[in-house]
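Report on the following structure.
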Amino acid sequence: MTLQEHQTRPHTLSISETYRSIDHFMAAFNVTPSDPSIFILTGIPGLEAAHIWISIPFSTFYIITLMGNFTLLFVVGWEQTLHKPMYLLLCMLALTDIATPTFVVPKALCIFWFNLKGITMAGCLTQMFFLNTVSVTQSATLVTMAFDRYVAICNPLRYATVLSNARIAKLGIVCLIRSVLFILPLPLLLSQQPFCANRIIPHTQCEYIAVEKIACGDITVPRTYGLVLMFIVYGFDLTLIALSYGLIIRAVLRISSKKSHQKALNTCTAHVCVMLTYYTPSLFSNLTFLFGQGIAPYVHIILADLYLLIPPMLNPFIYGVKTKELSDKIGKCICKR
C-alpha cells in the first residue's frame with residue numbers, strides 16, 4: 001500500500017477488524033471468545049456509535065427506579081398505619097421493580113462505557129434465570145393485587161379475615177416458588193445444548209430467545225417449553241386478572257350511589273395502570289422478537305430494554321399519585337426530613 005493510499009483510506013474498522021479488536025481487548029483480561037464458556041454481548045447492533053448517548057437514559061432511568069422504589073419501601077416500613085395487605089403487596093412489587101433492572105443495567109453500562117462484552121456461560125444463564133424468575137413473580141404479584149381489590153370491593157366485611165398480613169406473606173412465598181419451578185428448566189435445558197463457535201449474542205442481556213438462537217443443537221424442546229411457558233403464565237395470570245375485574249365491575253354496577261361507584265373504581269385505577277405498563281410492553285416485546293423478522297434488530301433490543309426499565313420506574317409514581325393515603329405519608333416523611 002502506498003503512502004497516498006494509506007492517507008486516503010477511511011479510518012473505519014471492518015467487521016473482521018472489530019472482532020480482532022474485541023479479541024485483543026478480552027485477551028488483556030485472560031478471556032478469549034474461543035473459550036467455550038464465554039459469550040459476547042454486543043450491546044445494540046447498528047447503534048454502537050451511539051452507545052455512550054444511549055447509556056444516559058439507561059443510567060437515569062435506573063437511578064430514578066432505585067430512588068422511587070426504595071422511597072416506597074422506606075415509607076411503608078416506617079409508617080405503622082401502612083402495614084396493611086395492600087401496601088405489603090406494593091412492597092413486593094417494589095422489590096421486583098428494583099431487581100428487574102439491577103440484573104440488566106450494570107452489565108449494559110459496562111458494555112456501553114468500557115466495551116466489556118464478555119460474559120461466562122454460567123453468568124449468562126444465571127442472568128436469564130433471575131430475569132425471568134422476577135418477571136413471572138411480578139406477574140403473580142399483579143394477580144394477587146387484583147384478588148386483593150376484588151375482596152376489598154366485593155367482600156369488604158371479610159377483607160381482614162381473607163387477606164391478613166401473614167396470608168399475604170405466604171402468598172408471596174408461593175408466587176416465588178411458582179416462578180422458580182417454572183423458570184428453572186429454561187437455563188437447565190439450554191446448558192445441555194452445544195453452542196456454535198461464534199458465541200456472539202446481539203443484545204445487551206442474555207434474553208432467552210437471543211441465547212437460544214446461538215445454540216447449534218436441536219432446540220425443539222427448549223423452544224417449545226419457552227413458548228408454552230409464556231402462553232401459560234400470561235394466559236393464566238391475565239385470565240385471573242380479567243375474572244377479578246369482571247366480578248368487580250359487576251359488583252360496582254349493582255351499587256346505586258354514583259359517589260360509591262367512583263370511590264370503588266378509584267381504588268382500582270393505580271392497579272390497572274401498573275398492569276398496562278407491565279403486560280403491554282412485555283407482550284409486544286416478546287411477540288416482535290418471535291414474529292417480527294422484518295423489524296431491525298436494534299428495535300427488538302430497545303423494546304426489550306425499555307420493557308425492563310420503564311415499568312419499574314413508573315410504578316412507584318403511579319401508586320404515589322393515585323393512592324392518597326400513600327402520597328400523604330410520603331409527603332409527611334419528606335417534610336420531616
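Here, A, B, ... name the chains of the C-alpha cells in the order displayed, residue numbers run from 1 inside each chain, and ligands are numbered from 1 in the same displayed order.
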Using DSSP on the backbone coordinates, identify the residues of stretch 143-322 of chain A assigned to helix (DSSP H, G or I); present them as a ChimeraX atom specification. /A:143-154,156-162,165-183,185-191,208-212,220-253,258-291,297-322
Contacts of A:Leu47 at 12 Å (only C-alpha atoms; same-chain gap of 5+ positions) as a PDB file with C-alpha atoms, in the first residue's frame:
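Resulting contents of around21.pdb:
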ATOM      1  CA  THR A  42     -22.578  -6.842  21.563  1.00  0.00           C
ATOM      2  CA  ILE A  52     -22.435   6.420  25.135  1.00  0.00           C
ATOM      3  CA  TRP A  53     -25.548   8.500  24.451  1.00  0.00           C
ATOM      4  CA  ILE A  54     -27.863   5.533  24.982  1.00  0.00           C
ATOM      5  CA  SER A  55     -26.223   4.944  28.360  1.00  0.00           C
ATOM      6  CA  PHE A 112     -21.662   0.972  26.717  1.00  0.00           C
ATOM      7  CA  PRO A 202     -26.546  -9.337  19.556  1.00  0.00           C
ATOM      8  CA  HIS A 203     -28.149  -7.990  22.715  1.00  0.00           C
ATOM      9  CA  THR A 204     -27.469  -6.083  25.941  1.00  0.00           C
ATOM     10  CA  ALA A 296     -34.482  -4.104  12.515  1.00  0.00           C
ATOM     11  CA  PRO A 297     -32.589  -5.965  15.302  1.00  0.00           C
ATOM     12  CA  TYR A 298     -31.949  -2.809  17.312  1.00  0.00           C
ATOM     13  CA  VAL A 299     -35.716  -2.215  17.547  1.00  0.00           C
ATOM     14  CA  ILE A 301     -33.385  -4.903  21.686  1.00  0.00           C
ATOM     15  CA  ILE A 302     -34.525  -1.378  22.548  1.00  0.00           C
TER      16      ILE A 302
END
Surrounding residues of A:Cys268 excluding itself and chain neighbours under 4 positions, 9 Å, only C-alpha atoms, as a PDB file with C-alpha atoms, in the first residue's frame:
ATOM      1  CA  ALA A 146     -56.225  -7.956  41.564  1.00  0.00           C
ATOM      2  CA  ARG A 149     -59.042  -5.400  45.063  1.00  0.00           C
ATOM      3  CA  TYR A 245     -62.114  -7.227  37.404  1.00  0.00           C
ATOM      4  CA  ALA A 264     -64.770   1.851  44.204  1.00  0.00           C
ATOM      5  CA  VAL A 272     -54.931  -1.058  36.190  1.00  0.00           C
ATOM      6  CA  CYS A 273     -52.263   1.485  35.186  1.00  0.00           C
TER       7      CYS A 273
END
Interatomic distance, atom CA of A:Leu157 to atom CA of A:Thr137 (Å, one decimal): 28.8 Å
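With distances restricted to only C-alpha atoms, A:Leu88 is the closest residue to A:Leu171 from A:Met67, A:Leu73, A:Leu88, A:Ala215.
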At most 12 Å is the cut-off: for each residue in stretch 113-195 of chain A with any atom that close to an atom of stretch 309-333 of chain A, write down the nearest atom pair and the distance in Å rounded to one decimal, counting only C-alpha atoms, chain first then increasing number, as a Markdown table.
| residue | atom | partner | partner_atom | distance |
| --- | --- | --- | --- | --- |
| A:Val134 | CA | A:Pro312 | CA | 11.8 |
| A:Ser135 | CA | A:Pro312 | CA | 11.1 |
| A:Gln138 | CA | A:Pro312 | CA | 10.4 |
| A:Leu142 | CA | A:Asn315 | CA | 11.8 |
So that I can see what lies close to A:Cys110, please list as a ChimeraX atom specification the residues with an atom at most 12 Å from it, counting only C-alpha atoms and leaving out residues fewer than 6 positions away in the same chain. /A:41-43,51-52,55,58-59,104,116-119,204-205
Hey, can you spit out that residue selection with N, CA, C and O atoms as a tab-separated table (two decimals), in the first residue's frame?
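Result went into out-v1.tsv, see below:
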chain	number	residue	atom	x	y	z
A	41	LEU	N	-21.74	-10.27	24.51
A	41	LEU	CA	-22.92	-9.41	24.35
A	41	LEU	C	-22.49	-8.16	23.59
A	41	LEU	O	-21.64	-7.41	24.06
A	42	THR	N	-23.05	-7.94	22.42
A	42	THR	CA	-22.58	-6.84	21.56
A	42	THR	C	-23.17	-5.49	21.94
A	42	THR	O	-22.69	-4.46	21.48
A	43	GLY	N	-24.22	-5.47	22.75
A	43	GLY	CA	-24.91	-4.22	23.01
A	43	GLY	C	-26.09	-4.09	22.05
A	43	GLY	O	-26.85	-5.03	21.86
A	51	HIS	N	-23.68	4.24	21.68
A	51	HIS	CA	-23.76	3.57	22.97
A	51	HIS	C	-23.59	4.52	24.15
A	51	HIS	O	-24.30	4.41	25.16
A	52	ILE	N	-22.66	5.46	24.04
A	52	ILE	CA	-22.44	6.42	25.14
A	52	ILE	C	-23.69	7.24	25.39
A	52	ILE	O	-24.09	7.47	26.54
A	55	SER	N	-26.46	5.24	26.94
A	55	SER	CA	-26.22	4.94	28.36
A	55	SER	C	-26.81	6.02	29.28
A	55	SER	O	-27.09	5.74	30.45
A	58	PHE	N	-30.40	5.10	30.08
A	58	PHE	CA	-30.31	3.84	30.84
A	58	PHE	C	-29.99	4.12	32.30
A	58	PHE	O	-30.69	3.67	33.21
A	59	SER	N	-28.91	4.86	32.52
A	59	SER	CA	-28.48	5.13	33.90
A	59	SER	C	-29.47	6.04	34.62
A	59	SER	O	-29.73	5.85	35.82
A	104	VAL	N	-29.87	-6.20	34.72
A	104	VAL	CA	-29.57	-5.84	33.33
A	104	VAL	C	-28.68	-4.62	33.20
A	104	VAL	O	-27.68	-4.63	32.47
A	116	LEU	N	-16.85	-3.84	27.80
A	116	LEU	CA	-16.69	-5.14	28.45
A	116	LEU	C	-17.85	-6.04	28.03
A	116	LEU	O	-18.90	-6.07	28.67
A	117	LYS	N	-17.64	-6.76	26.95
A	117	LYS	CA	-18.72	-7.51	26.33
A	117	LYS	C	-18.76	-8.98	26.72
A	117	LYS	O	-19.73	-9.68	26.43
A	118	GLY	N	-17.71	-9.48	27.33
A	118	GLY	CA	-17.66	-10.89	27.68
A	118	GLY	C	-18.51	-11.23	28.89
A	118	GLY	O	-18.62	-10.44	29.83
A	119	ILE	N	-19.13	-12.41	28.82
A	119	ILE	CA	-19.88	-12.93	29.97
A	119	ILE	C	-19.78	-14.46	29.91
A	119	ILE	O	-19.85	-15.05	28.85
A	204	THR	N	-28.08	-6.65	24.74
A	204	THR	CA	-27.47	-6.08	25.94
A	204	THR	C	-27.61	-7.01	27.13
A	204	THR	O	-27.06	-6.75	28.19
A	205	GLN	N	-28.39	-8.10	26.97
A	205	GLN	CA	-28.67	-9.01	28.07
A	205	GLN	C	-28.81	-10.42	27.52
A	205	GLN	O	-28.94	-10.62	26.30
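By chain and then residue number, the residues within 8 Å of A:Ile201 are Phe39, Ile40, Leu41, Thr42, Ala210, Val211 and Ile214 of chain A, counting only C-alpha atoms and disregarding those fewer than 6 positions away in sequence.
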Go ahead and write the selection's residues with all heavy atoms as an mmCIF file, in the first residue's frame.
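Output file out.cif is given in full below:
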data_model
loop_
_atom_site.group_PDB
_atom_site.id
_atom_site.type_symbol
_atom_site.label_atom_id
_atom_site.label_comp_id
_atom_site.auth_asym_id
_atom_site.auth_seq_id
_atom_site.Cartn_x
_atom_site.Cartn_y
_atom_site.Cartn_z
ATOM 1 N N PHE A 39 -19.463 -16.016 26.330
ATOM 2 C CA PHE A 39 -20.320 -15.421 25.308
ATOM 3 C C PHE A 39 -19.944 -13.940 25.189
ATOM 4 O O PHE A 39 -19.351 -13.364 26.108
ATOM 5 C CB PHE A 39 -21.797 -15.533 25.679
ATOM 6 C CG PHE A 39 -22.315 -16.943 25.726
ATOM 7 C CD1 PHE A 39 -23.430 -17.251 26.491
ATOM 8 C CD2 PHE A 39 -21.709 -17.960 25.006
ATOM 9 C CE1 PHE A 39 -23.922 -18.544 26.546
ATOM 10 C CE2 PHE A 39 -22.187 -19.260 25.049
ATOM 11 C CZ PHE A 39 -23.298 -19.549 25.821
ATOM 12 N N ILE A 40 -20.317 -13.326 24.062
ATOM 13 C CA ILE A 40 -20.074 -11.902 23.862
ATOM 14 C C ILE A 40 -21.406 -11.198 23.630
ATOM 15 O O ILE A 40 -22.128 -11.511 22.681
ATOM 16 C CB ILE A 40 -19.138 -11.647 22.666
ATOM 17 C CG1 ILE A 40 -17.774 -12.275 22.911
ATOM 18 C CG2 ILE A 40 -18.973 -10.146 22.424
ATOM 19 C CD1 ILE A 40 -16.842 -12.192 21.728
ATOM 20 N N LEU A 41 -21.744 -10.266 24.510
ATOM 21 C CA LEU A 41 -22.921 -9.414 24.349
ATOM 22 C C LEU A 41 -22.490 -8.159 23.590
ATOM 23 O O LEU A 41 -21.640 -7.406 24.063
ATOM 24 C CB LEU A 41 -23.508 -9.041 25.712
ATOM 25 C CG LEU A 41 -24.139 -10.188 26.510
ATOM 26 C CD1 LEU A 41 -24.402 -9.742 27.944
ATOM 27 C CD2 LEU A 41 -25.439 -10.640 25.859
ATOM 28 N N THR A 42 -23.054 -7.942 22.421
ATOM 29 C CA THR A 42 -22.578 -6.842 21.563
ATOM 30 C C THR A 42 -23.166 -5.492 21.937
ATOM 31 O O THR A 42 -22.689 -4.463 21.477
ATOM 32 C CB THR A 42 -22.917 -7.121 20.094
ATOM 33 O OG1 THR A 42 -24.342 -7.186 19.950
ATOM 34 C CG2 THR A 42 -22.299 -8.430 19.625
ATOM 35 N N ALA A 210 -32.671 -14.837 22.493
ATOM 36 C CA ALA A 210 -31.396 -14.469 21.882
ATOM 37 C C ALA A 210 -30.332 -15.539 22.120
ATOM 38 O O ALA A 210 -29.552 -15.864 21.218
ATOM 39 C CB ALA A 210 -30.933 -13.121 22.428
ATOM 40 N N VAL A 211 -30.283 -16.100 23.333
ATOM 41 C CA VAL A 211 -29.310 -17.154 23.646
ATOM 42 C C VAL A 211 -29.670 -18.431 22.894
ATOM 43 O O VAL A 211 -28.793 -19.137 22.378
ATOM 44 C CB VAL A 211 -29.260 -17.419 25.164
ATOM 45 C CG1 VAL A 211 -28.317 -18.565 25.484
ATOM 46 C CG2 VAL A 211 -28.828 -16.153 25.913
ATOM 47 N N ILE A 214 -28.216 -18.958 19.299
ATOM 48 C CA ILE A 214 -26.817 -19.291 19.015
ATOM 49 C C ILE A 214 -26.495 -20.742 19.373
ATOM 50 O O ILE A 214 -25.340 -21.156 19.296
ATOM 51 C CB ILE A 214 -25.841 -18.336 19.749
ATOM 52 C CG1 ILE A 214 -25.954 -18.500 21.268
ATOM 53 C CG2 ILE A 214 -26.050 -16.898 19.324
ATOM 54 C CD1 ILE A 214 -24.852 -17.799 22.032
#
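Computed from the coordinates, the atom CA of A:Asn69 to atom CA of A:Ala94 distance equals 5.3 Å.
Our summary of the geometry notes that atom CA of A:Pro281 is positioned 23.5 Å from atom CA of A:Leu72.
Comparing A:Leu82, A:Met92, A:Leu181, A:Cys154 by their smallest distance to A:Ala251, the closest is A:Cys154 (using only C-alpha atoms).
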Long-range neighbours of A:Thr280 as a VMD selection string, 12 Å cut-off, only C-alpha atoms, 2 positions minimum in chain: chain A and resid 234 238 272 to 278 282 to 287 303 to 304 306 to 307 310 to 311
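Compared by their closest atoms to A:His83, and using only C-alpha atoms, the residues A:Phe129, A:Ser164, A:Cys124, A:Ala140 rank with A:Ser164 nearest.
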